[in-house]
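Peer 1: Please find upload28.pdb (PDB, C-alpha atoms, pLDDT in the B column) on the next line:
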ATOM      1  CA  MET M 816       0.000   0.000   0.000  1.00 31.00           C
ATOM      2  CA  PHE M 817       1.312   3.412  -0.963  1.00 39.00           C
ATOM      3  CA  LYS M 818       0.455   6.593   0.810  1.00 46.00           C
ATOM      4  CA  CYS M 819      -0.113   9.731  -1.286  1.00 45.00           C
ATOM      5  CA  GLY M 820       1.169  13.172  -0.510  1.00 48.00           C
ATOM      6  CA  LEU M 821       3.516  14.896   1.871  1.00 51.00           C
ATOM      7  CA  ALA M 822       4.064  13.563   5.392  1.00 56.00           C
ATOM      8  CA  PHE M 823       2.514  16.604   7.093  1.00 56.00           C
ATOM      9  CA  PRO M 824       3.136  15.535  10.729  1.00 60.00           C
ATOM     10  CA  ARG M 825       6.888  15.888  10.072  1.00 62.00           C
ATOM     11  CA  CYS M 826       6.333  19.580   9.287  1.00 59.00           C
ATOM     12  CA  ARG M 827       5.468  20.081  12.947  1.00 70.00           C
ATOM     13  CA  TRP M 828       9.112  19.468  13.819  1.00 78.00           C
ATOM     14  CA  ILE M 829      10.996  20.414  10.681  1.00 84.00           C
ATOM     15  CA  LEU M 830       9.667  23.980  10.364  1.00 85.00           C
ATOM     16  CA  PRO M 831      10.679  25.109  13.882  1.00 88.00           C
ATOM     17  CA  LEU M 832      14.106  23.526  13.318  1.00 91.00           C
ATOM     18  CA  LEU M 833      14.491  25.461  10.054  1.00 92.00           C
ATOM     19  CA  LEU M 834      13.514  28.653  11.870  1.00 93.00           C
ATOM     20  CA  LEU M 835      16.129  27.863  14.544  1.00 94.00           C
ATOM     21  CA  LEU M 836      18.736  27.382  11.817  1.00 95.00           C
ATOM     22  CA  ALA M 837      17.754  30.756  10.323  1.00 95.00           C
ATOM     23  CA  ILE M 838      18.144  32.361  13.772  1.00 96.00           C
ATOM     24  CA  ILE M 839      21.635  30.873  14.074  1.00 96.00           C
ATOM     25  CA  PHE M 840      22.543  32.167  10.606  1.00 95.00           C
ATOM     26  CA  ASP M 841      21.241  35.640  11.494  1.00 94.00           C
ATOM     27  CA  ILE M 842      23.215  35.713  14.741  1.00 94.00           C
ATOM     28  CA  ILE M 843      26.382  34.722  12.854  1.00 93.00           C
ATOM     29  CA  ALA M 844      25.786  37.511  10.327  1.00 92.00           C
ATOM     30  CA  LEU M 845      25.170  40.062  13.086  1.00 92.00           C
ATOM     31  CA  ALA M 846      28.015  39.040  15.379  1.00 91.00           C
ATOM     32  CA  ALA M 847      30.791  38.361  12.872  1.00 86.00           C
ATOM     33  CA  SER M 848      33.780  40.632  13.284  1.00 79.00           C
ATOM     34  CA  SER M 849      34.684  40.257   9.614  1.00 78.00           C
ATOM     35  CA  GLY M 850      33.388  38.575   6.510  1.00 78.00           C
ATOM     36  CA  TRP M 851      30.887  41.030   5.111  1.00 85.00           C
ATOM     37  CA  VAL M 852      33.407  42.611   2.732  1.00 83.00           C
ATOM     38  CA  ASP M 853      36.919  41.328   2.029  1.00 82.00           C
ATOM     39  CA  SER M 854      39.825  42.591  -0.032  1.00 78.00           C
ATOM     40  CA  LYS M 855      43.580  42.548   0.245  1.00 75.00           C
ATOM     41  CA  TYR M 856      43.903  45.810   2.218  1.00 77.00           C
ATOM     42  CA  HIS M 857      40.372  46.394   3.462  1.00 80.00           C
ATOM     43  CA  TYR M 858      37.745  44.263   5.190  1.00 81.00           C
ATOM     44  CA  ALA M 859      34.530  45.012   7.015  1.00 84.00           C
ATOM     45  CA  SER M 860      31.810  43.585   9.186  1.00 85.00           C
ATOM     46  CA  LEU M 861      28.320  44.955   9.627  1.00 86.00           C
ATOM     47  CA  TRP M 862      29.641  47.257  12.348  1.00 88.00           C
ATOM     48  CA  ASP M 863      33.301  48.136  11.612  1.00 87.00           C
ATOM     49  CA  GLN M 864      35.813  48.392   8.800  1.00 85.00           C
ATOM     50  CA  TYR M 865      39.531  47.738   8.865  1.00 84.00           C
ATOM     51  CA  ARG M 866      42.163  49.145   6.515  1.00 81.00           C
ATOM     52  CA  GLY M 867      45.870  48.474   6.273  1.00 76.00           C
ATOM     53  CA  ARG M 868      48.096  45.443   6.160  1.00 76.00           C
ATOM     54  CA  GLU M 869      48.793  42.516   8.432  1.00 74.00           C
ATOM     55  CA  PRO M 870      49.426  43.028  11.448  1.00 77.00           C
ATOM     56  CA  ASN M 871      48.622  46.775  11.512  1.00 80.00           C
ATOM     57  CA  TRP M 872      44.922  47.138  10.785  1.00 79.00           C
ATOM     58  CA  GLU M 873      43.356  50.546  11.314  1.00 85.00           C
ATOM     59  CA  SER M 874      39.823  50.200  12.642  1.00 84.00           C
ATOM     60  CA  SER M 875      36.923  52.604  12.170  1.00 85.00           C
ATOM     61  CA  SER M 876      33.231  52.292  12.875  1.00 87.00           C
ATOM     62  CA  LEU M 877      30.686  52.110  10.094  1.00 86.00           C
ATOM     63  CA  MET M 878      28.036  53.419  12.479  1.00 89.00           C
ATOM     64  CA  VAL M 879      28.949  56.988  11.525  1.00 90.00           C
ATOM     65  CA  TYR M 880      27.034  56.409   8.272  1.00 91.00           C
ATOM     66  CA  GLY M 881      23.249  56.518   8.253  1.00 92.00           C
ATOM     67  CA  TRP M 882      22.986  53.648   5.763  1.00 91.00           C
ATOM     68  CA  ALA M 883      25.076  51.416   8.045  1.00 90.00           C
ATOM     69  CA  LYS M 884      22.866  52.196  11.037  1.00 94.00           C
ATOM     70  CA  ALA M 885      19.765  51.494   8.952  1.00 94.00           C
ATOM     71  CA  SER M 886      21.186  48.214   7.637  1.00 93.00           C
ATOM     72  CA  ALA M 887      22.109  47.028  11.121  1.00 93.00           C
ATOM     73  CA  ALA M 888      18.750  48.097  12.575  1.00 95.00           C
ATOM     74  CA  MET M 889      16.774  46.349   9.846  1.00 95.00           C
ATOM     75  CA  LEU M 890      18.782  43.147  10.225  1.00 95.00           C
ATOM     76  CA  ILE M 891      18.236  43.236  14.006  1.00 96.00           C
ATOM     77  CA  ILE M 892      14.490  43.850  13.573  1.00 96.00           C
ATOM     78  CA  GLY M 893      14.304  40.945  11.115  1.00 95.00           C
ATOM     79  CA  CYS M 894      16.122  38.708  13.609  1.00 95.00           C
ATOM     80  CA  ILE M 895      13.793  39.729  16.458  1.00 97.00           C
ATOM     81  CA  LEU M 896      10.726  39.001  14.304  1.00 96.00           C
ATOM     82  CA  LEU M 897      12.274  35.653  13.378  1.00 96.00           C
ATOM     83  CA  ILE M 898      12.732  34.765  17.064  1.00 96.00           C
ATOM     84  CA  ILE M 899       9.093  35.705  17.733  1.00 95.00           C
ATOM     85  CA  CYS M 900       8.004  33.442  14.856  1.00 94.00           C
ATOM     86  CA  PHE M 901      10.137  30.612  16.240  1.00 94.00           C
ATOM     87  CA  ILE M 902       8.384  30.856  19.620  1.00 93.00           C
ATOM     88  CA  LEU M 903       4.948  31.129  18.001  1.00 91.00           C
ATOM     89  CA  SER M 904       5.677  28.091  15.817  1.00 88.00           C
ATOM     90  CA  PHE M 905       5.977  25.912  18.906  1.00 83.00           C
ATOM     91  CA  LEU M 906       2.660  27.227  20.203  1.00 84.00           C
ATOM     92  CA  ALA M 907       0.939  26.708  16.865  1.00 81.00           C
ATOM     93  CA  LEU M 908       2.337  23.297  16.004  1.00 75.00           C
ATOM     94  CA  CYS M 909       2.566  21.676  19.436  1.00 74.00           C
ATOM     95  CA  LYS M 910      -0.705  22.972  20.887  1.00 74.00           C
ATOM     96  CA  GLN M 911      -2.508  22.439  17.548  1.00 71.00           C
ATOM     97  CA  GLN M 912      -3.536  26.048  17.037  1.00 71.00           C
ATOM     98  CA  ALA M 913      -3.732  26.251  13.265  1.00 70.00           C
ATOM     99  CA  GLY M 914      -4.999  29.840  13.431  1.00 76.00           C
ATOM    100  CA  LEU M 915      -1.494  31.021  14.281  1.00 85.00           C
ATOM    101  CA  LEU M 916       0.095  29.420  11.225  1.00 84.00           C
ATOM    102  CA  ARG M 917      -0.864  32.157   8.757  1.00 86.00           C
ATOM    103  CA  VAL M 918       0.026  34.836  11.312  1.00 91.00           C
ATOM    104  CA  ILE M 919       3.507  33.309  11.561  1.00 92.00           C
ATOM    105  CA  GLY M 920       3.750  33.269   7.759  1.00 91.00           C
ATOM    106  CA  ILE M 921       2.779  36.945   7.525  1.00 94.00           C
ATOM    107  CA  VAL M 922       5.187  38.008  10.300  1.00 95.00           C
ATOM    108  CA  LEU M 923       7.924  36.038   8.516  1.00 95.00           C
ATOM    109  CA  CYS M 924       7.123  37.956   5.316  1.00 95.00           C
ATOM    110  CA  VAL M 925       7.597  41.239   7.192  1.00 97.00           C
ATOM    111  CA  ALA M 926      10.891  39.954   8.646  1.00 96.00           C
ATOM    112  CA  ILE M 927      11.989  38.904   5.149  1.00 97.00           C
ATOM    113  CA  LEU M 928      11.231  42.402   3.886  1.00 97.00           C
ATOM    114  CA  PHE M 929      13.441  43.963   6.595  1.00 97.00           C
ATOM    115  CA  GLN M 930      16.263  41.519   5.938  1.00 96.00           C
ATOM    116  CA  VAL M 931      16.201  41.891   2.150  1.00 96.00           C
ATOM    117  CA  ILE M 932      16.249  45.679   2.403  1.00 96.00           C
ATOM    118  CA  SER M 933      19.185  45.474   4.813  1.00 94.00           C
ATOM    119  CA  LEU M 934      21.095  43.012   2.656  1.00 93.00           C
ATOM    120  CA  ILE M 935      20.621  45.173  -0.442  1.00 94.00           C
ATOM    121  CA  VAL M 936      21.291  48.585   1.130  1.00 92.00           C
ATOM    122  CA  TYR M 937      24.563  47.517   2.802  1.00 89.00           C
ATOM    123  CA  PRO M 938      26.546  46.428  -0.278  1.00 86.00           C
ATOM    124  CA  THR M 939      25.080  49.166  -2.467  1.00 87.00           C
ATOM    125  CA  LYS M 940      25.988  51.989  -0.111  1.00 87.00           C
ATOM    126  CA  PHE M 941      29.269  50.372   1.000  1.00 83.00           C
ATOM    127  CA  THR M 942      30.403  50.145  -2.608  1.00 82.00           C
ATOM    128  CA  GLU M 943      29.262  53.687  -3.340  1.00 83.00           C
ATOM    129  CA  THR M 944      30.765  55.232  -0.201  1.00 82.00           C
ATOM    130  CA  LEU M 945      33.864  53.317   0.861  1.00 75.00           C
ATOM    131  CA  ILE M 946      35.374  51.401  -2.022  1.00 73.00           C
ATOM    132  CA  GLN M 947      38.116  53.235  -3.850  1.00 66.00           C
ATOM    133  CA  ASN M 948      40.055  50.810  -6.022  1.00 68.00           C
ATOM    134  CA  GLY M 949      40.673  47.138  -5.741  1.00 67.00           C
ATOM    135  CA  ASP M 950      39.077  43.766  -5.868  1.00 74.00           C
ATOM    136  CA  TYR M 951      36.311  43.394  -3.263  1.00 77.00           C
ATOM    137  CA  GLU M 952      34.172  40.389  -2.406  1.00 81.00           C
ATOM    138  CA  TYR M 953      31.106  40.117  -0.238  1.00 82.00           C
ATOM    139  CA  SER M 954      32.035  37.194   1.925  1.00 84.00           C
ATOM    140  CA  TRP M 955      30.915  34.463   4.307  1.00 88.00           C
ATOM    141  CA  SER M 956      29.013  36.337   7.044  1.00 90.00           C
ATOM    142  CA  TYR M 957      27.130  38.355   4.428  1.00 89.00           C
ATOM    143  CA  GLY M 958      26.258  34.979   2.904  1.00 92.00           C
ATOM    144  CA  PHE M 959      24.914  33.793   6.259  1.00 94.00           C
ATOM    145  CA  GLY M 960      22.530  36.771   6.214  1.00 93.00           C
ATOM    146  CA  TRP M 961      21.246  35.692   2.799  1.00 94.00           C
ATOM    147  CA  GLY M 962      21.095  32.064   3.961  1.00 95.00           C
ATOM    148  CA  ALA M 963      18.839  33.060   6.856  1.00 95.00           C
ATOM    149  CA  THR M 964      16.646  35.070   4.500  1.00 96.00           C
ATOM    150  CA  ILE M 965      16.273  32.175   2.052  1.00 96.00           C
ATOM    151  CA  LEU M 966      15.311  29.810   4.884  1.00 95.00           C
ATOM    152  CA  MET M 967      12.759  32.361   6.069  1.00 95.00           C
ATOM    153  CA  ILE M 968      11.238  32.587   2.578  1.00 95.00           C
ATOM    154  CA  GLY M 969      10.752  28.816   2.436  1.00 92.00           C
ATOM    155  CA  CYS M 970       9.290  28.658   5.941  1.00 91.00           C
ATOM    156  CA  SER M 971       6.902  31.548   5.280  1.00 92.00           C
ATOM    157  CA  ILE M 972       5.506  29.738   2.239  1.00 90.00           C
ATOM    158  CA  PHE M 973       4.930  26.607   4.293  1.00 85.00           C
ATOM    159  CA  PHE M 974       3.376  28.500   7.198  1.00 84.00           C
ATOM    160  CA  CYS M 975       0.984  30.295   4.839  1.00 84.00           C
ATOM    161  CA  CYS M 976      -0.050  27.041   3.102  1.00 79.00           C
ATOM    162  CA  LEU M 977      -0.281  24.659   6.082  1.00 73.00           C
ATOM    163  CA  PRO M 978      -3.696  25.843   7.375  1.00 67.00           C
ATOM    164  CA  ASN M 979      -5.217  24.370   4.198  1.00 62.00           C
ATOM    165  CA  TYR M 980      -4.013  20.954   5.387  1.00 61.00           C
ATOM    166  CA  GLU M 981      -4.853  21.227   9.088  1.00 60.00           C
ATOM    167  CA  ASP M 982      -6.308  17.709   9.424  1.00 54.00           C
ATOM    168  CA  GLU M 983      -3.333  16.128   7.681  1.00 58.00           C
ATOM    169  CA  LEU M 984      -0.905  18.194   9.747  1.00 58.00           C
ATOM    170  CA  TYR M 985      -2.283  17.000  13.065  1.00 55.00           C
ATOM    171  CA  GLY M 986      -2.823  13.405  11.944  1.00 58.00           C
ATOM    172  CA  GLN M 987      -6.633  13.565  11.956  1.00 55.00           C
ATOM    173  CA  ALA M 988      -7.254  12.904   8.247  1.00 58.00           C
ATOM    174  CA  LYS M 989      -8.155   9.532   6.831  1.00 64.00           C
ATOM    175  CA  PRO M 990      -5.247   8.187   4.740  1.00 64.00           C
ATOM    176  CA  ILE M 991      -5.743   7.995   0.981  1.00 66.00           C
ATOM    177  CA  TYR M 992      -4.120   5.096  -0.812  1.00 68.00           C
ATOM    178  CA  ILE M 993      -3.242   4.826  -4.489  1.00 70.00           C
ATOM    179  CA  TYR M 994      -3.814   1.122  -4.615  1.00 68.00           C
ATOM    180  CA  GLU M 995      -6.087  -0.982  -2.499  1.00 64.00           C
ATOM    181  CA  GLY M 996      -5.795  -4.652  -3.299  1.00 59.00           C
TER     182      GLY M 996
END
Write out the structure in this file as structure tokens.
Peer 2:
Amino acid sequence: MFKCGLAFPRCRWILPLLLLLAIIFDIIALAASSGWVDSKYHYASLWDQYRGREPNWESSSLMVYGWAKASAAMLIIGCILLIICFILSFLALCKQQAGLLRVIGIVLCVAILFQVISLIVYPTKFTETLIQNGDYEYSWSYGFGWGATILMIGCSIFFCCLPNYEDELYGQAKPIYIYEG
């Protein structure tokens, strides 16, 4: 006997774990001391930039620029909304409150909006303001920010669609089989 469809009860555990992974990625992107921008004589994090050569790096804060403050604030707001969604996902999926699922999906969409704006403003304004000459790369911790955002996009789609399959999600639906012999 073959069972049709997606194993919905697994979503009750996989989605909060994916949200936790996105939180970890966001924290790495926020806390990294380097890895947003790298070049031979210049590297930067979300908060600071460093110029010079090994071992004499000259440090300066990026928080003197309005675009850097806005980027950091939007990434922090997105992370806070993500943490709220993580907590709500346990309430919705463990206590079988399907009404919260779409709310979580909508809040995730708002968090995604903040994160995408932050992740677009930072490199655009950094390149425009601080890069003189040279070969620059947006590096690993910037990639963690995008990784968190991509995970959030996938989770928001699932959270918005899951209320349509409430019975299957909580194991209350009658199984449908392709072949009954």
Peer 1: Can you tell me, as a PyMOL selection string, what residues are no more than 10 Å from His857 (chain M) when counting all atoms listed in the file, ignoring any on the same chain fewer than 3 positions away?
Peer 2: chain M and resi 852-854+864-868+872-874+945-946+949-951
Peer 1: Per residue of region 870-973 of chain M within 7 Å of region 833-848 of chain M, record the nearest atom pair and its distance in Å to one decimal, counting only C-alpha atoms, with rows in chain order and ascending residue number, as JSON lines.
Peer 2:
{"residue": "M:Cys894", "atom": "CA", "partner": "M:Asp841", "partner_atom": "CA", "distance": 6.3}
{"residue": "M:Leu897", "atom": "CA", "partner": "M:Ile838", "partner_atom": "CA", "distance": 6.7}
{"residue": "M:Ile898", "atom": "CA", "partner": "M:Ile838", "partner_atom": "CA", "distance": 6.8}
{"residue": "M:Phe901", "atom": "CA", "partner": "M:Leu834", "partner_atom": "CA", "distance": 5.9}
{"residue": "M:Ser956", "atom": "CA", "partner": "M:Ala844", "partner_atom": "CA", "distance": 4.8}
{"residue": "M:Tyr957", "atom": "CA", "partner": "M:Ala844", "partner_atom": "CA", "distance": 6.1}
{"residue": "M:Phe959", "atom": "CA", "partner": "M:Phe840", "partner_atom": "CA", "distance": 5.2}
{"residue": "M:Gly960", "atom": "CA", "partner": "M:Ala844", "partner_atom": "CA", "distance": 5.3}
{"residue": "M:Gly962", "atom": "CA", "partner": "M:Phe840", "partner_atom": "CA", "distance": 6.8}
{"residue": "M:Ala963", "atom": "CA", "partner": "M:Ala837", "partner_atom": "CA", "distance": 4.3}
{"residue": "M:Leu966", "atom": "CA", "partner": "M:Ala837", "partner_atom": "CA", "distance": 6.0}
{"residue": "M:Met967", "atom": "CA", "partner": "M:Ala837", "partner_atom": "CA", "distance": 6.8}
Peer 1: Starting from the shown file, work through the PyMOL selection byres ((chain M and resi 938) around 12) and note down what comes out as an mmCIF file with C-alpha atoms, keeping the file's coordinate frame.
Peer 2:
data_model
loop_
_atom_site.group_PDB
_atom_site.id
_atom_site.type_symbol
_atom_site.label_atom_id
_atom_site.label_comp_id
_atom_site.auth_asym_id
_atom_site.auth_seq_id
_atom_site.Cartn_x
_atom_site.Cartn_y
_atom_site.Cartn_z
ATOM 1 C CA TRP M 851 30.887 41.030 5.111
ATOM 2 C CA VAL M 852 33.407 42.611 2.732
ATOM 3 C CA ASP M 853 36.919 41.328 2.029
ATOM 4 C CA ALA M 859 34.530 45.012 7.015
ATOM 5 C CA SER M 860 31.810 43.585 9.186
ATOM 6 C CA LEU M 861 28.320 44.955 9.627
ATOM 7 C CA TRP M 882 22.986 53.648 5.763
ATOM 8 C CA ALA M 883 25.076 51.416 8.045
ATOM 9 C CA SER M 886 21.186 48.214 7.637
ATOM 10 C CA VAL M 931 16.201 41.891 2.150
ATOM 11 C CA ILE M 932 16.249 45.679 2.403
ATOM 12 C CA SER M 933 19.185 45.474 4.813
ATOM 13 C CA LEU M 934 21.095 43.012 2.656
ATOM 14 C CA ILE M 935 20.621 45.173 -0.442
ATOM 15 C CA VAL M 936 21.291 48.585 1.130
ATOM 16 C CA TYR M 937 24.563 47.517 2.802
ATOM 17 C CA THR M 939 25.080 49.166 -2.467
ATOM 18 C CA LYS M 940 25.988 51.989 -0.111
ATOM 19 C CA PHE M 941 29.269 50.372 1.000
ATOM 20 C CA THR M 942 30.403 50.145 -2.608
ATOM 21 C CA GLU M 943 29.262 53.687 -3.340
ATOM 22 C CA THR M 944 30.765 55.232 -0.201
ATOM 23 C CA LEU M 945 33.864 53.317 0.861
ATOM 24 C CA ILE M 946 35.374 51.401 -2.022
ATOM 25 C CA TYR M 951 36.311 43.394 -3.263
ATOM 26 C CA GLU M 952 34.172 40.389 -2.406
ATOM 27 C CA TYR M 953 31.106 40.117 -0.238
ATOM 28 C CA SER M 954 32.035 37.194 1.925
ATOM 29 C CA TYR M 957 27.130 38.355 4.428
ATOM 30 C CA GLY M 958 26.258 34.979 2.904
#
Peer 1: Between M:Ala887, M:Leu906, M:Ser971, M:Trp955, which residue has the minimum interatomic distance to Val925 (chain M), considering only C-alpha atoms?
Peer 2: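 Closest residue, counting only C-alpha atoms: M:Ser971.
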Peer 1: Take CA of Arg827 (chain M) and CA of Leu977 (chain M) and report the distance between them in Å, one decimal.
Peer 2: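 Interatomic distance, CA of Arg827 (chain M) to CA of Leu977 (chain M): 10.1 Å.
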Peer 1: To one decimal in Å, tell me the separation between CA of Ile972 (chain M) and CA of Cys909 (chain M).
Peer 2: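 Between CA of Ile972 (chain M) and CA of Cys909 (chain M) the gap works out to 19.2 Å.
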Peer 1: Give the answer as one residue: which of M:Tyr880, M:Phe974, M:Trp961, M:Trp828 has the shortest atom-to-atom distance to Leu923 (chain M), using all atoms listed in the file?
Peer 2: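 Checking each candidate against Leu923 (chain M), we get M:Phe974 as the closest.
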Peer 1: Which residue, M:Ile829, M:Ile993, M:Ala885, M:Leu890, has the smallest gap to Leu928 (chain M) when you use all atoms listed in the file?
Peer 2: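 Result for the nearest residue to Leu928 (chain M): M:Leu890.
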Peer 1: If I take CA of Ile968 (chain M) and CA of Gly893 (chain M), how far is one from the other in Å, to one decimal?
Peer 2: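 CA of Ile968 (chain M) sits 12.3 Å away from CA of Gly893 (chain M).
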Peer 1: Go through M:Phe929, M:Leu832, M:Leu916, M:Val922 one by one, measure the shortest atom-to-atom distance of each to Cys975 (chain M) using all atoms listed in the file, and give the residue with the smallest value.
Peer 2: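 Once distances to Cys975 (chain M) are computed over all atoms listed in the file, the minimum belongs to M:Leu916.
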